[in-house]
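Okay, query_25.cif now, which holds mmCIF, C-alpha atoms (C1' of nucleotides); chains and numbers go by the auth columns:
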```
data_work
#
loop_
_atom_site.group_PDB
_atom_site.id
_atom_site.type_symbol
_atom_site.label_atom_id
_atom_site.label_comp_id
_atom_site.label_asym_id
_atom_site.label_seq_id
_atom_site.Cartn_x
_atom_site.Cartn_y
_atom_site.Cartn_z
_atom_site.B_iso_or_equiv
_atom_site.auth_seq_id
_atom_site.auth_asym_id
ATOM 1 C CA MET A 1 0.000 0.000 0.000 0.00 1 A
ATOM 2 C CA ALA A 2 1.539 3.208 -1.090 0.00 2 A
ATOM 3 C CA GLU A 3 1.922 5.953 1.408 0.00 3 A
ATOM 4 C CA PHE A 4 -0.047 8.124 -0.909 0.00 4 A
ATOM 5 C CA SER A 5 -3.246 6.203 -0.278 0.00 5 A
ATOM 6 C CA GLU A 6 -2.655 5.767 3.396 0.00 6 A
ATOM 7 C CA ARG A 7 -1.975 9.430 3.774 0.00 7 A
ATOM 8 C CA VAL A 8 -5.142 10.313 1.921 0.00 8 A
ATOM 9 C CA LEU A 9 -7.151 7.939 4.039 0.00 9 A
ATOM 10 C CA ASP A 10 -5.533 9.244 7.190 0.00 10 A
ATOM 11 C CA ILE A 11 -6.419 12.800 6.280 0.00 11 A
ATOM 12 C CA VAL A 12 -9.959 11.965 5.272 0.00 12 A
ATOM 13 C CA LYS A 13 -10.480 10.098 8.491 0.00 13 A
ATOM 14 C CA GLN A 14 -9.438 13.195 10.366 0.00 14 A
ATOM 15 C CA ILE A 15 -12.099 15.331 8.779 0.00 15 A
ATOM 16 C CA PRO A 16 -14.267 16.441 11.691 0.00 16 A
ATOM 17 C CA ARG A 17 -18.009 16.016 11.685 0.00 17 A
ATOM 18 C CA GLY A 18 -19.826 18.784 9.905 0.00 18 A
ATOM 19 C CA LYS A 19 -16.817 19.621 7.788 0.00 19 A
ATOM 20 C CA VAL A 20 -15.812 18.756 4.271 0.00 20 A
ATOM 21 C CA ALA A 21 -12.544 18.794 2.390 0.00 21 A
ATOM 22 C CA SER A 22 -11.800 19.182 -1.272 0.00 22 A
ATOM 23 C CA TYR A 23 -9.526 16.867 -3.214 0.00 23 A
ATOM 24 C CA GLY A 24 -7.275 19.718 -4.143 0.00 24 A
ATOM 25 C CA GLN A 25 -6.845 20.781 -0.576 0.00 25 A
ATOM 26 C CA ILE A 26 -5.989 17.282 0.545 0.00 26 A
ATOM 27 C CA ALA A 27 -3.544 17.036 -2.304 0.00 27 A
ATOM 28 C CA ARG A 28 -1.902 20.188 -1.106 0.00 28 A
ATOM 29 C CA MET A 29 -1.788 18.869 2.406 0.00 29 A
ATOM 30 C CA MET A 30 0.236 15.907 1.244 0.00 30 A
ATOM 31 C CA GLY A 31 2.636 18.060 -0.670 0.00 31 A
ATOM 32 C CA SER A 32 1.324 17.270 -4.128 0.00 32 A
ATOM 33 C CA PRO A 33 -0.978 20.140 -5.096 0.00 33 A
ATOM 34 C CA ARG A 34 -1.185 18.824 -8.640 0.00 34 A
ATOM 35 C CA SER A 35 -2.219 15.341 -7.616 0.00 35 A
ATOM 36 C CA ALA A 36 -5.760 16.147 -6.660 0.00 36 A
ATOM 37 C CA ARG A 37 -7.020 13.436 -8.999 0.00 37 A
ATOM 38 C CA TYR A 38 -5.229 10.666 -7.232 0.00 38 A
ATOM 39 C CA VAL A 39 -6.674 11.667 -3.905 0.00 39 A
ATOM 40 C CA GLY A 40 -9.998 10.343 -5.051 0.00 40 A
ATOM 41 C CA TYR A 41 -8.309 7.494 -6.772 0.00 41 A
ATOM 42 C CA ALA A 42 -6.779 6.335 -3.542 0.00 42 A
ATOM 43 C CA LEU A 43 -10.193 6.457 -1.948 0.00 43 A
ATOM 44 C CA ARG A 44 -11.667 4.290 -4.645 0.00 44 A
ATOM 45 C CA GLY A 45 -8.878 1.764 -4.489 0.00 45 A
ATOM 46 C CA ASN A 46 -9.108 1.613 -0.722 0.00 46 A
ATOM 47 C CA HIS A 47 -12.842 1.935 -0.639 0.00 47 A
ATOM 48 C CA ASP A 48 -13.569 1.579 3.038 0.00 48 A
ATOM 49 C CA PRO A 49 -16.529 3.784 3.950 0.00 49 A
ATOM 50 C CA ILE A 50 -16.288 2.615 7.536 0.00 50 A
ATOM 51 C CA VAL A 51 -13.203 4.665 8.206 0.00 51 A
ATOM 52 C CA ILE A 52 -13.239 6.773 5.089 0.00 52 A
ATOM 53 C CA PRO A 53 -16.175 9.151 4.946 0.00 53 A
ATOM 54 C CA CYS A 54 -16.006 9.777 1.212 0.00 54 A
ATOM 55 C CA HIS A 55 -19.066 11.931 1.456 0.00 55 A
ATOM 56 C CA ARG A 56 -16.964 14.493 3.295 0.00 56 A
ATOM 57 C CA VAL A 57 -14.619 14.706 0.369 0.00 57 A
ATOM 58 C CA VAL A 58 -16.029 16.957 -2.302 0.00 58 A
ATOM 59 C CA PHE A 59 -15.004 18.922 -5.342 0.00 59 A
ATOM 60 C CA LYS A 60 -13.662 22.410 -5.039 0.00 60 A
ATOM 61 C CA ASP A 61 -17.038 23.549 -6.264 0.00 61 A
ATOM 62 C CA GLY A 62 -18.640 21.830 -3.315 0.00 62 A
ATOM 63 C CA ARG A 63 -20.210 19.096 -5.381 0.00 63 A
ATOM 64 C CA ILE A 64 -20.133 15.507 -4.216 0.00 64 A
ATOM 65 C CA CYS A 65 -19.292 12.469 -6.287 0.00 65 A
ATOM 66 C CA GLU A 66 -22.626 10.843 -5.899 0.00 66 A
ATOM 67 C CA GLY A 67 -21.712 8.059 -8.227 0.00 67 A
ATOM 68 C CA TYR A 68 -18.896 6.836 -6.037 0.00 68 A
ATOM 69 C CA ALA A 69 -19.826 7.625 -2.492 0.00 69 A
ATOM 70 C CA PHE A 70 -21.592 4.855 -0.651 0.00 70 A
ATOM 71 C CA GLY A 71 -25.312 4.694 -0.179 0.00 71 A
ATOM 72 C CA GLY A 72 -26.280 7.159 -2.824 0.00 72 A
ATOM 73 C CA PRO A 73 -26.834 10.847 -3.322 0.00 73 A
ATOM 74 C CA GLU A 74 -29.714 10.892 -0.903 0.00 74 A
ATOM 75 C CA VAL A 75 -27.708 9.169 1.786 0.00 75 A
ATOM 76 C CA GLN A 76 -24.831 11.504 1.252 0.00 76 A
ATOM 77 C CA ARG A 77 -26.983 14.551 1.530 0.00 77 A
ATOM 78 C CA ALA A 78 -28.632 13.120 4.603 0.00 78 A
ATOM 79 C CA LEU A 79 -25.304 12.321 6.218 0.00 79 A
ATOM 80 C CA LEU A 80 -23.852 15.715 5.494 0.00 80 A
ATOM 81 C CA GLU A 81 -26.940 17.548 6.592 0.00 81 A
ATOM 82 C CA ASP A 82 -27.055 15.463 9.734 0.00 82 A
ATOM 83 C CA GLU A 83 -23.472 16.442 10.418 0.00 83 A
ATOM 84 C CA GLY A 84 -24.333 20.083 10.095 0.00 84 A
ATOM 85 C CA VAL A 85 -23.076 20.720 6.602 0.00 85 A
ATOM 86 C CA ALA A 86 -24.945 23.496 4.877 0.00 86 A
ATOM 87 C CA PHE A 87 -26.230 22.778 1.399 0.00 87 A
ATOM 88 C CA LEU A 88 -26.521 25.483 -1.198 0.00 88 A
ATOM 89 C CA ASP A 89 -28.184 23.066 -3.596 0.00 89 A
ATOM 90 C CA ASP A 90 -29.082 19.416 -3.641 0.00 90 A
ATOM 91 C CA MET A 91 -25.598 18.693 -4.812 0.00 91 A
ATOM 92 C CA HIS A 92 -23.585 21.640 -3.590 0.00 92 A
ATOM 93 C CA ILE A 93 -22.165 22.231 -0.157 0.00 93 A
ATOM 94 C CA ASP A 94 -21.518 25.589 1.409 0.00 94 A
ATOM 95 C CA MET A 95 -17.768 25.287 1.202 0.00 95 A
ATOM 96 C CA ASP A 96 -17.283 28.731 2.585 0.00 96 A
ATOM 97 C CA ALA A 97 -18.848 27.622 5.833 0.00 97 A
ATOM 98 C CA CYS A 98 -18.084 23.910 6.005 0.00 98 A
ATOM 99 C CA LEU A 99 -14.709 23.577 4.375 0.00 99 A
ATOM 100 C CA TRP A 100 -12.337 21.780 6.683 0.00 100 A
ATOM 101 C CA GLN A 101 -9.601 24.200 7.591 0.00 101 A
ATOM 102 C CA PRO A 102 -7.243 22.667 10.156 0.00 102 A
ATOM 103 C CA GLU A 103 -4.835 25.455 9.434 0.00 103 A
ATOM 104 C CA ALA A 104 -7.466 28.102 9.967 0.00 104 A
ATOM 105 C CA ASP A 105 -7.380 27.441 13.663 0.00 105 A
ATOM 106 C CA ARG A 106 -3.717 28.311 13.647 0.00 106 A
ATOM 107 C CA LEU A 107 -3.867 31.150 11.223 0.00 107 A
ATOM 108 C CA SER A 108 -7.100 32.584 12.523 0.00 108 A
ATOM 109 C CA ARG A 109 -7.587 33.858 9.056 0.00 109 A
ATOM 110 C CA PRO A 110 -10.893 35.457 7.998 0.00 110 A
ATOM 111 C CA PRO A 111 -13.200 33.597 5.590 0.00 111 A
ATOM 112 C CA ASP A 112 -11.857 35.875 2.928 0.00 112 A
ATOM 113 C CA ILE A 113 -9.167 33.343 2.089 0.00 113 A
ATOM 114 C CA ASP A 114 -7.664 33.863 -1.316 0.00 114 A
ATOM 115 C CA TRP A 115 -7.669 30.229 -2.352 0.00 115 A
ATOM 116 C CA GLU A 116 -6.887 31.034 -5.918 0.00 116 A
ATOM 117 C CA LYS A 117 -3.702 32.659 -4.871 0.00 117 A
ATOM 118 C CA GLU A 118 -2.928 29.781 -2.549 0.00 118 A
ATOM 119 C CA MET A 119 -3.538 27.320 -5.342 0.00 119 A
ATOM 120 C CA GLY A 120 -1.544 29.244 -7.850 0.00 120 A
ATOM 121 C CA LEU A 121 1.272 29.637 -5.421 0.00 121 A
ATOM 122 C "C1'" DA B 1 6.174 -5.993 -16.701 0.00 122 B
ATOM 123 C "C1'" DG B 2 4.026 -2.507 -19.417 0.00 123 B
ATOM 124 C "C1'" DA B 3 0.063 0.219 -20.769 0.00 124 B
ATOM 125 C "C1'" DA B 4 -4.097 2.352 -19.647 0.00 125 B
ATOM 126 C "C1'" DT B 5 -6.804 4.773 -16.669 0.00 126 B
ATOM 127 C "C1'" DG B 6 -8.713 7.627 -13.082 0.00 127 B
ATOM 128 C "C1'" DA B 7 -13.522 10.739 -7.300 0.00 128 B
ATOM 129 C "C1'" DC B 8 -9.478 17.088 -9.858 0.00 129 B
ATOM 130 C "C1'" DG B 9 -7.678 21.317 -10.629 0.00 130 B
ATOM 131 C "C1'" DT B 10 -5.252 24.805 -13.150 0.00 131 B
ATOM 132 C "C1'" DA B 11 -3.577 26.827 -17.250 0.00 132 B
ATOM 133 C "C1'" DT B 12 -4.197 28.033 -21.641 0.00 133 B
ATOM 134 C "C1'" DG B 13 -6.715 28.778 -26.296 0.00 134 B
ATOM 135 C "C1'" DG C 1 -16.722 32.942 -20.631 0.00 135 C
ATOM 136 C "C1'" DC C 2 -16.581 28.332 -22.441 0.00 136 C
ATOM 137 C "C1'" DA C 3 -13.860 24.500 -24.308 0.00 137 C
ATOM 138 C "C1'" DT C 4 -9.879 21.949 -24.470 0.00 138 C
ATOM 139 C "C1'" DA C 5 -5.171 20.389 -22.793 0.00 139 C
ATOM 140 C "C1'" DC C 6 -1.992 19.131 -19.501 0.00 140 C
ATOM 141 C "C1'" DG C 7 -0.040 17.690 -15.021 0.00 141 C
ATOM 142 C "C1'" DC C 8 0.315 14.869 -11.229 0.00 142 C
ATOM 143 C "C1'" DC C 9 1.289 9.677 -9.413 0.00 143 C
ATOM 144 C "C1'" DA C 10 -0.797 5.529 -7.874 0.00 144 C
ATOM 145 C "C1'" DT C 11 -3.786 1.708 -8.827 0.00 145 C
ATOM 146 C "C1'" DT C 12 -5.594 -1.643 -11.994 0.00 146 C
ATOM 147 C "C1'" DC C 13 -6.020 -4.546 -16.246 0.00 147 C
#
```

File written out as structure tokens:
Amino acid sequence: MAEFSERVLDIVKQIPRGKVASYGQIARMMGSPRSARYVGYALRGNHDPIVIPCHRVVFKDGRICEGYAFGGPEVQRALLEDEGVAFLDDMHIDMDACLWQPEADRLSRPPDIDWEKEMGL
DNA sequence: AGAATGACGTATG
DNA sequence: GCATACGCCATTC
């Protein structure tokens, strides 16, 4: 098992209830900001919904991969809503409010984060 | 063992 | 602003 997958799983498992993380952000957390694709890939290969809440891993847009998360789109929405995640649409999460920001606690940065700049950097 | 593919995101045309 | 191309690296056939 490559460290890549284990690291992804480890990060996803650490996503607190009521929070969501984007693939790109996780990729950046592991030091490979360009490898966002493989974050999800690792999840699929290690599909283990017991310890890997895939429904908390969403696109940058806040959309969920309903075709790959367990249960189904309805279950995902129910789980996320039950966890306190705000939904803008049936398939879009309020990233601005529910995005998992472990660093935010340290940076105490306002919600006016310039992600584009962070990404580009 | 080698080729193909794949849950994203950014850059460029 | 929309469409297309590329990059990244591991997993799978």

- [ ] Step by step, work through what the PyMOL selection byres ((chain B) within 12 of (chain A)) selects in the shown file, and finish by giving those residues as a ChimeraX atom specification.
- [x] /B:126-132

Open item on the list: Suppose a student applies the PyMOL selection byres ((chain C) within 10 of (chain A)) to this structure; what residues should they get, written as an MDAnalysis selection string?
Closed with: chainID C and resid 141:146

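Note that the spacing between CA of Ala21 (chain A) and CA of Leu99 (chain A) amounts to 5.6 Å.
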
Open item on the list: Just to confirm, what's the straight-line distance from CA of Ile15 (chain A) to CA of Pro53 (chain A) in Å (one decimal)?
Closed with: 8.3 Å

Open item on the list: One number please: CA of Gly62 (chain A) to CA of Gln101 (chain A), in Å, one decimal.
Closed with: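 Separating CA of Gly62 (chain A) from CA of Gln101 (chain A) is a distance of 14.4 Å.
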
TODO: Spell out the residues picked by the PyMOL selection byres ((chain C and resi 138) around 12) here, as a ChimeraX atom specification.
DONE: /B:132-134 /C:136-137,139-140

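When all atoms listed in the file are used to compute distances to Val8 (chain A), the closest of the residues A:Asp90, A:Arg63, A:Ile26, A:Leu79 turns out to be A:Ile26.
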
Mind working out the centre and edge lengths of an axis-aligned box for region 19-29 of chain A, all listed atoms inside, 3 Å added to each side, rounded to one decimal in Å and written as AutoDock Vina command-line options?
```
--center_x -9.3 --center_y 18.8 --center_z 1.8 --size_x 21.0 --size_y 9.9 --size_z 17.9
```
